[in-house]
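Below is the file data-v4.json, which contains JSON, C-alpha atoms.
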[["chain", "number", "residue", "atom", "x", "y", "z"],
["A", 12, "MET", "CA", 0.00, 0.00, 0.00],
["A", 13, "ASP", "CA", 1.74, 3.13, -1.14],
["A", 14, "LEU", "CA", 0.54, 6.66, -0.49],
["A", 15, "PHE", "CA", -1.20, 6.94, -3.88],
["A", 16, "THR", "CA", -3.37, 3.91, -3.14],
["A", 17, "ILE", "CA", -4.37, 5.15, 0.31],
["A", 18, "ILE", "CA", -5.25, 8.63, -0.94],
["A", 19, "PHE", "CA", -7.14, 7.16, -3.87],
["A", 20, "TYR", "CA", -9.33, 5.03, -1.62],
["A", 21, "VAL", "CA", -9.92, 7.90, 0.81],
["A", 22, "PHE", "CA", -11.18, 10.19, -1.93],
["A", 23, "ALA", "CA", -13.08, 7.41, -3.70],
["A", 24, "LEU", "CA", -14.87, 6.53, -0.47],
["A", 25, "LEU", "CA", -15.60, 10.20, 0.27],
["A", 26, "THR", "CA", -17.05, 10.68, -3.21],
["A", 27, "LEU", "CA", -19.20, 7.58, -3.31],
["A", 28, "VAL", "CA", -20.51, 7.76, 0.27],
["A", 29, "SER", "CA", -21.47, 11.41, 0.06],
["A", 30, "ALA", "CA", -22.98, 10.88, -3.40],
["A", 31, "SER", "CA", -25.15, 8.11, -1.99],
["A", 32, "VAL", "CA", -26.23, 10.46, 0.79],
["A", 33, "VAL", "CA", -27.15, 12.99, -1.91],
["A", 34, "VAL", "CA", -29.20, 10.42, -3.76],
["A", 35, "PHE", "CA", -30.87, 8.52, -0.94],
["A", 36, "SER", "CA", -31.40, 11.17, 1.76],
["A", 37, "ARG", "CA", -34.99, 12.23, 2.27],
["A", 38, "ASN", "CA", -33.97, 15.70, 3.42],
["A", 39, "ILE", "CA", -33.12, 17.99, 0.54],
["A", 40, "VAL", "CA", -30.97, 20.31, 2.65],
["A", 41, "ARG", "CA", -28.85, 17.35, 3.73],
["A", 42, "SER", "CA", -28.58, 16.31, 0.07],
["A", 43, "ALA", "CA", -27.37, 19.76, -0.91],
["A", 44, "PHE", "CA", -24.69, 19.79, 1.75],
["A", 45, "SER", "CA", -23.51, 16.26, 0.92],
["A", 46, "LEU", "CA", -23.07, 17.44, -2.64],
["A", 47, "LEU", "CA", -20.31, 19.68, -1.23],
["A", 48, "PHE", "CA", -18.33, 16.64, -0.06],
["A", 49, "THR", "CA", -18.93, 14.86, -3.36],
["A", 50, "PHE", "CA", -17.39, 17.78, -5.21],
["A", 51, "PHE", "CA", -14.45, 17.82, -2.79],
["A", 52, "GLY", "CA", -13.86, 14.12, -3.36],
["A", 53, "VAL", "CA", -13.99, 14.52, -7.11],
["A", 54, "ALA", "CA", -11.51, 17.40, -6.86],
["A", 55, "GLY", "CA", -9.19, 15.10, -4.90],
["A", 56, "LEU", "CA", -9.46, 12.49, -7.63],
["A", 57, "TYR", "CA", -8.55, 15.19, -10.17],
["A", 58, "VAL", "CA", -5.37, 15.95, -8.21],
["A", 59, "LEU", "CA", -4.47, 12.26, -8.26],
["A", 60, "LEU", "CA", -4.97, 12.31, -12.04],
["A", 61, "MET", "CA", -2.44, 15.13, -12.55],
["A", 62, "ALA", "CA", -5.14, 17.72, -13.17],
["A", 63, "ASP", "CA", -4.28, 20.35, -10.58],
["A", 64, "PHE", "CA", -5.79, 23.23, -12.56],
["A", 65, "LEU", "CA", -9.01, 21.27, -13.03],
["A", 66, "ALA", "CA", -9.15, 20.51, -9.30],
["A", 67, "ILE", "CA", -8.98, 24.21, -8.41],
["A", 68, "THR", "CA", -11.51, 25.00, -11.13],
["A", 69, "GLN", "CA", -13.79, 22.33, -9.72],
["A", 70, "LEU", "CA", -13.57, 23.83, -6.25],
["A", 71, "MET", "CA", -14.13, 27.39, -7.44],
["A", 72, "ILE", "CA", -16.95, 26.78, -9.91],
["A", 73, "TYR", "CA", -18.79, 23.81, -8.42],
["A", 74, "VAL", "CA", -18.38, 24.52, -4.73],
["A", 75, "GLY", "CA", -18.26, 28.31, -5.01],
["A", 76, "GLY", "CA", -20.80, 28.77, -7.76],
["A", 77, "ILE", "CA", -23.09, 25.90, -8.62],
["A", 78, "LEU", "CA", -23.51, 24.63, -5.09],
["A", 79, "VAL", "CA", -24.40, 28.09, -3.81],
["A", 80, "LEU", "CA", -26.95, 28.36, -6.62],
["A", 81, "VAL", "CA", -28.40, 24.97, -5.70],
["A", 82, "ILE", "CA", -28.67, 25.92, -2.04],
["A", 83, "PHE", "CA", -30.36, 29.18, -3.03],
["A", 84, "GLY", "CA", -32.77, 27.09, -5.08],
["A", 85, "VAL", "CA", -33.47, 24.84, -2.11],
["A", 86, "MET", "CA", -34.03, 27.76, 0.25],
["A", 87, "LEU", "CA", -36.25, 29.70, -2.14],
["A", 88, "THR", "CA", -38.45, 26.81, -3.16],
["A", 89, "SER", "CA", -39.05, 24.97, 0.12],
["A", 90, "ARG", "CA", -42.35, 26.20, 1.48],
["A", 91, "GLN", "CA", -41.27, 26.60, 5.06],
["A", 92, "ILE", "CA", -38.15, 25.65, 6.88],
["A", 93, "ASN", "CA", -38.44, 22.21, 8.48],
["A", 94, "VAL", "CA", -41.94, 21.59, 7.19],
["A", 95, "ASP", "CA", -41.69, 20.76, 3.52],
["A", 96, "ALA", "CA", -37.95, 20.21, 3.24],
["A", 97, "LYS", "CA", -38.50, 16.50, 2.67],
["A", 98, "THR", "CA", -38.93, 15.29, -0.87],
["A", 99, "GLY", "CA", -40.62, 12.17, -2.11],
["A", 100, "THR", "CA", -39.54, 9.68, -4.69],
["A", 101, "VAL", "CA", -41.49, 8.16, -7.54],
["A", 102, "GLN", "CA", -41.08, 4.98, -9.58],
["A", 103, "THR", "CA", -38.42, 3.55, -7.31],
["A", 104, "LEU", "CA", -38.56, -0.06, -8.49],
["A", 105, "PRO", "CA", -38.28, 0.59, -12.27],
["A", 106, "ALA", "CA", -35.55, 3.12, -11.57],
["A", 107, "VAL", "CA", -33.60, 0.59, -9.50],
["A", 108, "LEU", "CA", -33.81, -1.94, -12.32],
["A", 109, "ILE", "CA", -32.74, 0.57, -14.98],
["A", 110, "VAL", "CA", -29.89, 1.92, -12.88],
["A", 111, "ALA", "CA", -28.68, -1.58, -12.00],
["A", 112, "ALA", "CA", -28.64, -2.43, -15.69],
["A", 113, "ILE", "CA", -26.72, 0.75, -16.53],
["A", 114, "ALA", "CA", -24.20, 0.27, -13.72],
["A", 115, "GLY", "CA", -23.67, -3.39, -14.53],
["A", 116, "THR", "CA", -23.14, -2.67, -18.20],
["A", 117, "LEU", "CA", -20.72, 0.17, -17.54],
["A", 118, "VAL", "CA", -18.65, -1.65, -14.92],
["A", 119, "GLY", "CA", -18.52, -4.83, -16.99],
["A", 120, "MET", "CA", -17.43, -2.86, -20.03],
["A", 121, "PHE", "CA", -14.78, -0.98, -18.08],
["A", 122, "LEU", "CA", -13.43, -4.21, -16.59],
["A", 123, "SER", "CA", -13.35, -6.19, -19.82],
["A", 124, "THR", "CA", -12.08, -3.60, -22.27],
["A", 125, "ASP", "CA", -8.38, -3.35, -22.98],
["A", 126, "TRP", "CA", -8.03, 0.39, -23.40],
["A", 127, "PRO", "CA", -5.40, 1.72, -25.81],
["A", 128, "ARG", "CA", -2.46, 3.28, -24.02],
["A", 129, "THR", "CA", -0.53, 5.55, -26.31],
["A", 130, "GLY", "CA", 1.10, 7.42, -23.46],
["A", 131, "THR", "CA", 0.76, 8.66, -19.92],
["A", 132, "LEU", "CA", 1.16, 12.11, -18.50],
["A", 133, "PRO", "CA", 4.54, 12.69, -16.86],
["A", 134, "GLU", "CA", 4.52, 12.67, -13.09],
["A", 135, "THR", "CA", 5.89, 16.17, -12.62],
["A", 136, "ILE", "CA", 4.22, 18.63, -14.92],
["A", 137, "SER", "CA", 2.07, 21.66, -14.29],
["A", 138, "SER", "CA", -1.14, 21.43, -16.25],
["A", 139, "GLY", "CA", -2.03, 25.13, -16.16],
["A", 140, "ALA", "CA", 0.44, 26.30, -18.79],
["A", 141, "LYS", "CA", -0.34, 23.40, -21.12],
["A", 142, "ILE", "CA", -4.10, 23.97, -20.84],
["A", 143, "GLY", "CA", -3.61, 27.67, -21.53],
["A", 144, "ASP", "CA", -1.58, 26.83, -24.64],
["A", 145, "LEU", "CA", -4.24, 24.45, -25.90],
["A", 146, "LEU", "CA", -7.09, 26.89, -25.21],
["A", 147, "LEU", "CA", -5.41, 29.57, -27.31],
["A", 148, "THR", "CA", -4.32, 27.31, -30.17],
["A", 149, "SER", "CA", -6.24, 24.10, -30.92],
["A", 150, "TYR", "CA", -9.35, 24.96, -28.92],
["A", 151, "LEU", "CA", -9.58, 28.69, -29.66],
["A", 152, "LEU", "CA", -12.95, 28.56, -31.43],
["A", 153, "PRO", "CA", -14.70, 26.37, -28.80],
["A", 154, "PHE", "CA", -13.20, 28.62, -26.12],
["A", 155, "GLU", "CA", -14.71, 31.75, -27.66],
["A", 156, "ILE", "CA", -18.03, 30.03, -28.27],
["A", 157, "ALA", "CA", -18.09, 28.85, -24.66],
["A", 158, "SER", "CA", -17.50, 32.38, -23.41],
["A", 159, "VAL", "CA", -20.38, 33.72, -25.51],
["A", 160, "VAL", "CA", -22.62, 30.85, -24.37],
["A", 161, "LEU", "CA", -21.81, 31.62, -20.74],
["A", 162, "LEU", "CA", -22.58, 35.31, -21.19],
["A", 163, "VAL", "CA", -25.87, 34.59, -22.96],
["A", 164, "ALA", "CA", -26.85, 31.99, -20.37],
["A", 165, "LEU", "CA", -26.20, 34.28, -17.42],
["A", 166, "ILE", "CA", -28.06, 37.22, -18.96],
["A", 167, "GLY", "CA", -30.91, 34.87, -19.85],
["A", 168, "ALA", "CA", -31.00, 33.45, -16.34],
["A", 169, "ALA", "CA", -31.21, 36.94, -14.85],
["A", 170, "MET", "CA", -34.00, 37.84, -17.28],
["A", 171, "ILE", "CA", -36.02, 34.71, -16.54],
["A", 172, "ALA", "CA", -35.62, 34.95, -12.78],
["A", 173, "ARG", "CA", -36.52, 38.67, -12.57],
["A", 174, "ARG", "CA", -39.53, 38.65, -14.86],
["A", 175, "ASP", "CA", -42.62, 40.19, -13.29],
["A", 176, "LYS", "CA", -45.84, 38.22, -13.18],
["A", 177, "LYS", "CA", -47.85, 41.06, -14.71],
["A", 178, "THR", "CA", -45.94, 41.44, -17.97],
["B", 3, "MET", "CA", -10.62, -19.97, -6.10],
["B", 4, "ASN", "CA", -7.41, -18.77, -4.51],
["B", 5, "ASP", "CA", -6.28, -17.43, -7.87],
["B", 6, "ILE", "CA", -9.43, -15.34, -8.12],
["B", 7, "ILE", "CA", -8.99, -13.94, -4.61],
["B", 8, "THR", "CA", -5.35, -13.03, -5.17],
["B", 9, "GLY", "CA", -6.31, -11.51, -8.52],
["B", 10, "VAL", "CA", -8.94, -9.34, -6.87],
["B", 11, "ILE", "CA", -6.52, -8.30, -4.13],
["B", 12, "ASN", "CA", -3.85, -7.41, -6.67],
["B", 13, "PHE", "CA", -6.44, -5.48, -8.67],
["B", 14, "LEU", "CA", -7.47, -3.53, -5.58],
["B", 15, "ARG", "CA", -3.90, -2.77, -4.55],
["B", 16, "THR", "CA", -2.85, -0.97, -7.72],
["B", 17, "PRO", "CA", -5.28, 1.82, -8.63],
["B", 18, "GLY", "CA", -5.17, 2.57, -12.31],
["B", 19, "LEU", "CA", -7.39, 3.65, -15.16],
["B", 20, "THR", "CA", -10.04, 1.00, -14.47],
["B", 21, "HIS", "CA", -10.51, 2.07, -10.86],
["B", 22, "PHE", "CA", -11.25, 5.65, -11.81],
["B", 23, "LEU", "CA", -13.60, 4.46, -14.55],
["B", 24, "ILE", "CA", -15.52, 2.28, -12.09],
["B", 25, "ILE", "CA", -15.89, 5.17, -9.65],
["B", 26, "SER", "CA", -17.23, 7.33, -12.45],
["B", 27, "ALA", "CA", -19.63, 4.57, -13.49],
["B", 28, "LEU", "CA", -21.02, 4.34, -9.94],
["B", 29, "LEU", "CA", -21.30, 8.12, -9.70],
["B", 30, "PHE", "CA", -23.08, 8.20, -13.06],
["B", 31, "SER", "CA", -25.53, 5.52, -11.96],
["B", 32, "MET", "CA", -26.36, 7.36, -8.75],
["B", 33, "GLY", "CA", -26.94, 10.56, -10.73],
["B", 34, "ILE", "CA", -29.29, 8.74, -13.10],
["B", 35, "PHE", "CA", -31.12, 7.27, -10.09],
["B", 36, "ALA", "CA", -31.63, 10.76, -8.62],
["B", 37, "ILE", "CA", -32.87, 12.07, -11.96],
["B", 38, "LEU", "CA", -35.33, 9.20, -12.36],
["B", 39, "THR", "CA", -36.80, 9.00, -8.89],
["B", 40, "ARG", "CA", -36.77, 12.43, -7.25],
["B", 41, "ARG", "CA", -39.86, 14.59, -7.47],
["B", 42, "ASN", "CA", -38.17, 17.85, -6.49],
["B", 43, "ALA", "CA", -36.75, 19.69, -9.51],
["B", 44, "VAL", "CA", -33.73, 20.89, -7.51],
["B", 45, "MET", "CA", -32.87, 17.27, -6.67],
["B", 46, "VAL", "CA", -33.07, 16.41, -10.37],
["B", 47, "LEU", "CA", -30.54, 19.18, -10.97],
["B", 48, "MET", "CA", -28.22, 17.68, -8.35],
["B", 49, "GLY", "CA", -28.45, 14.35, -10.17],
["B", 50, "ILE", "CA", -27.44, 16.08, -13.40],
["B", 51, "GLU", "CA", -24.43, 17.58, -11.65],
["B", 52, "LEU", "CA", -23.38, 14.11, -10.47],
["B", 53, "VAL", "CA", -23.65, 12.77, -14.03],
["B", 54, "LEU", "CA", -21.53, 15.63, -15.38],
["B", 55, "ASN", "CA", -18.90, 15.03, -12.70],
["B", 56, "ALA", "CA", -18.77, 11.35, -13.63],
["B", 57, "ALA", "CA", -18.18, 12.27, -17.27],
["B", 58, "ASN", "CA", -15.41, 14.66, -16.21],
["B", 59, "ILE", "CA", -13.65, 11.93, -14.22],
["B", 60, "ASN", "CA", -13.69, 9.76, -17.32],
["B", 61, "PHE", "CA", -12.21, 12.49, -19.52],
["B", 62, "ILE", "CA", -9.41, 13.23, -17.07],
["B", 63, "ALA", "CA", -8.65, 9.58, -16.35],
["B", 64, "PHE", "CA", -8.26, 8.84, -20.04],
["B", 65, "SER", "CA", -6.14, 11.95, -20.42],
["B", 66, "ARG", "CA", -3.85, 10.72, -17.65],
["B", 67, "TYR", "CA", -3.55, 7.03, -18.46],
["B", 68, "SER", "CA", -4.60, 6.46, -22.05],
["B", 69, "THR", "CA", -3.63, 9.34, -24.33],
["B", 70, "GLY", "CA", -1.04, 11.26, -22.34],
["B", 71, "THR", "CA", -2.20, 14.60, -23.75],
["B", 72, "PHE", "CA", -4.09, 17.46, -22.16],
["B", 73, "ASP", "CA", -7.05, 17.39, -24.55],
["B", 74, "GLY", "CA", -9.25, 15.55, -22.06],
["B", 75, "GLN", "CA", -8.60, 18.18, -19.42],
["B", 76, "VAL", "CA", -9.48, 21.00, -21.83],
["B", 77, "ILE", "CA", -12.72, 19.26, -22.75],
["B", 78, "SER", "CA", -13.63, 18.85, -19.10],
["B", 79, "ILE", "CA", -13.14, 22.61, -18.68],
["B", 80, "PHE", "CA", -15.81, 23.06, -21.34],
["B", 81, "VAL", "CA", -18.03, 20.60, -19.49],
["B", 82, "ILE", "CA", -17.64, 22.65, -16.30],
["B", 83, "ILE", "CA", -18.47, 25.88, -18.17],
["B", 84, "LEU", "CA", -21.61, 24.35, -19.63],
["B", 85, "ALA", "CA", -22.58, 22.91, -16.24],
["B", 86, "ALA", "CA", -22.39, 26.39, -14.72],
["B", 87, "ALA", "CA", -24.55, 27.84, -17.51],
["B", 88, "GLU", "CA", -27.02, 24.97, -17.19],
["B", 89, "ALA", "CA", -27.31, 25.34, -13.42],
["B", 90, "ALA", "CA", -27.97, 29.07, -13.67],
["B", 91, "ILE", "CA", -30.66, 28.71, -16.35],
["B", 92, "ALA", "CA", -32.30, 25.72, -14.73],
["B", 93, "LEU", "CA", -32.53, 27.35, -11.31],
["B", 94, "ALA", "CA", -34.00, 30.49, -12.86],
["B", 95, "ILE", "CA", -36.63, 28.31, -14.53],
["B", 96, "VAL", "CA", -37.27, 26.48, -11.25],
["B", 97, "LEU", "CA", -37.80, 29.78, -9.43],
["B", 98, "ASN", "CA", -40.24, 30.88, -12.12],
["B", 99, "ILE", "CA", -42.12, 27.59, -11.90],
["B", 100, "TYR", "CA", -42.32, 27.98, -8.14],
["B", 101, "GLN", "CA", -43.80, 31.47, -8.51],
["B", 102, "ASN", "CA", -46.41, 30.23, -10.98],
["B", 103, "PHE", "CA", -47.36, 26.83, -9.60],
["B", 104, "ASN", "CA", -46.30, 27.13, -5.95],
["B", 105, "THR", "CA", -44.56, 23.77, -6.21],
["B", 106, "VAL", "CA", -41.38, 22.39, -7.75],
["B", 107, "ASN", "CA", -42.43, 18.75, -7.93],
["B", 108, "VAL", "CA", -41.86, 17.71, -11.51],
["B", 109, "ASP", "CA", -44.80, 15.29, -11.54],
["B", 110, "GLU", "CA", -47.32, 18.00, -10.63],
["B", 111, "ILE", "CA", -46.25, 20.50, -13.27],
["B", 112, "ASN", "CA", -48.26, 19.55, -16.32],
["B", 113, "GLN", "CA", -49.18, 22.85, -17.95],
["B", 114, "LEU", "CA", -47.08, 25.03, -20.22],
["B", 115, "LYS", "CA", -48.96, 28.16, -19.13],
["B", 116, "ASP", "CA", -51.47, 28.92, -16.45]]

Can the structure in the file be given as structure tokens, please?
Amino acid sequence: MDLFTIIFYVFALLTLVSASVVVFSRNIVRSAFSLLFTFFGVAGLYVLLMADFLAITQLMIYVGGILVLVIFGVMLTSRQINVDAKTGTVQTLPAVLIVAAIAGTLVGMFLSTDWPRTGTLPETISSGAKIGDLLLTSYLLPFEIASVVLLVALIGAAMIARRDKKT
Amino acid sequence: MNDIITGVINFLRTPGLTHFLIISALLFSMGIFAILTRRNAVMVLMGIELVLNAANINFIAFSRYSTGTFDGQVISIFVIILAAAEAAIALAIVLNIYQNFNTVNVDEINQLKD
């Protein structure tokens, strides 16, 4: 057991346990806060996969942005605190069957496939500079399109959320 | 039988590409389960975030172990950007639905306009 293995299992366990709390908890506030730990665990896995820039991005955007939005959504749409914070589930049995089929297929495929390995990332390399290079050369057009999409989406979200009932 | 057990133990002791892929598969399945079963629209959104995170783990794992280039990481940046845009729009729509219908349960919302 080297350090990599131990850290991998710690973050894997953190991710999967908190994700199952997100999915199976009856209390939506508890789900929203477990999502925080899921995102932390995934960020840890990113660090193990040599994606330090992605890990920081994950923390800043998911934890700092999306999670705050989700918690705002929870707070603004629960009728009263502690009264209607619980949420029901529908169609549990068909969903369990479908999800078991999906999970079995995916895990079986991942275990049985011999993936091509044309190279691995070097152990000591900073990903930030390389990602910046790629964003301004090979991926310049998608980068610009993504920035416009983000701008349009945020303006649209503000418009939709602020619209008066009368108009 | 002993061969199988030692094989499993050896598999568990050396985390590699397959381990990350299995974690992402489990995360993906849990996200799908949340999307399928939850009635609250905000919970459905959380399920979508789990699915997107699972896809990101796959991209980065393949970038690390299979291709050795940074293209997977760049693509997962785009996934994160689109997830942020999607969350903002979807929560705005959820707030609007809550103002109009006074509920966010997706099985009770069956009208396009009131």

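What separates CA of Gly55 in chain A from CA of Ala85 in chain B is a distance of 19.2 Å.
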
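The spacing separating CA of Leu54 in chain B from CA of Val81 in chain B amounts to 7.3 Å.
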
- Would you mind listing what lies within 6 Å of range 96-113 of chain B as a ChimeraX atom specification, with all atoms listed in the file counted and same-chain residues fewer than 2 positions away left out? /B:41-43,93-94,115

Could you write out the selected residues, including C-alpha atoms, as a PDB file, in the coordinates of the input?
ATOM      1  CA  ARG B  41     -39.860  14.590  -7.470  1.00  0.00           C
ATOM      2  CA  ASN B  42     -38.170  17.850  -6.490  1.00  0.00           C
ATOM      3  CA  ALA B  43     -36.750  19.690  -9.510  1.00  0.00           C
ATOM      4  CA  LEU B  93     -32.530  27.350 -11.310  1.00  0.00           C
ATOM      5  CA  ALA B  94     -34.000  30.490 -12.860  1.00  0.00           C
ATOM      6  CA  LYS B 115     -48.960  28.160 -19.130  1.00  0.00           C
TER       7      LYS B 115
END

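CA of Leu78 in chain A is found 17.2 Å from CA of Ile79 in chain B.
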
- Task: Using only C-alpha atoms, determine which residues of chain A fall within 6 Å of chain B; present them as a PyMOL selection string.
- Result: chain A and resi 34+60+99-103+110+114+118+128-132+161+164+168+171-172

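Shortest separation to Ile18 in chain A among A:Ser36, A:Ser45, A:Leu152, A:Tyr57 occurs at residue A:Tyr57, atoms counted being only C-alpha atoms.
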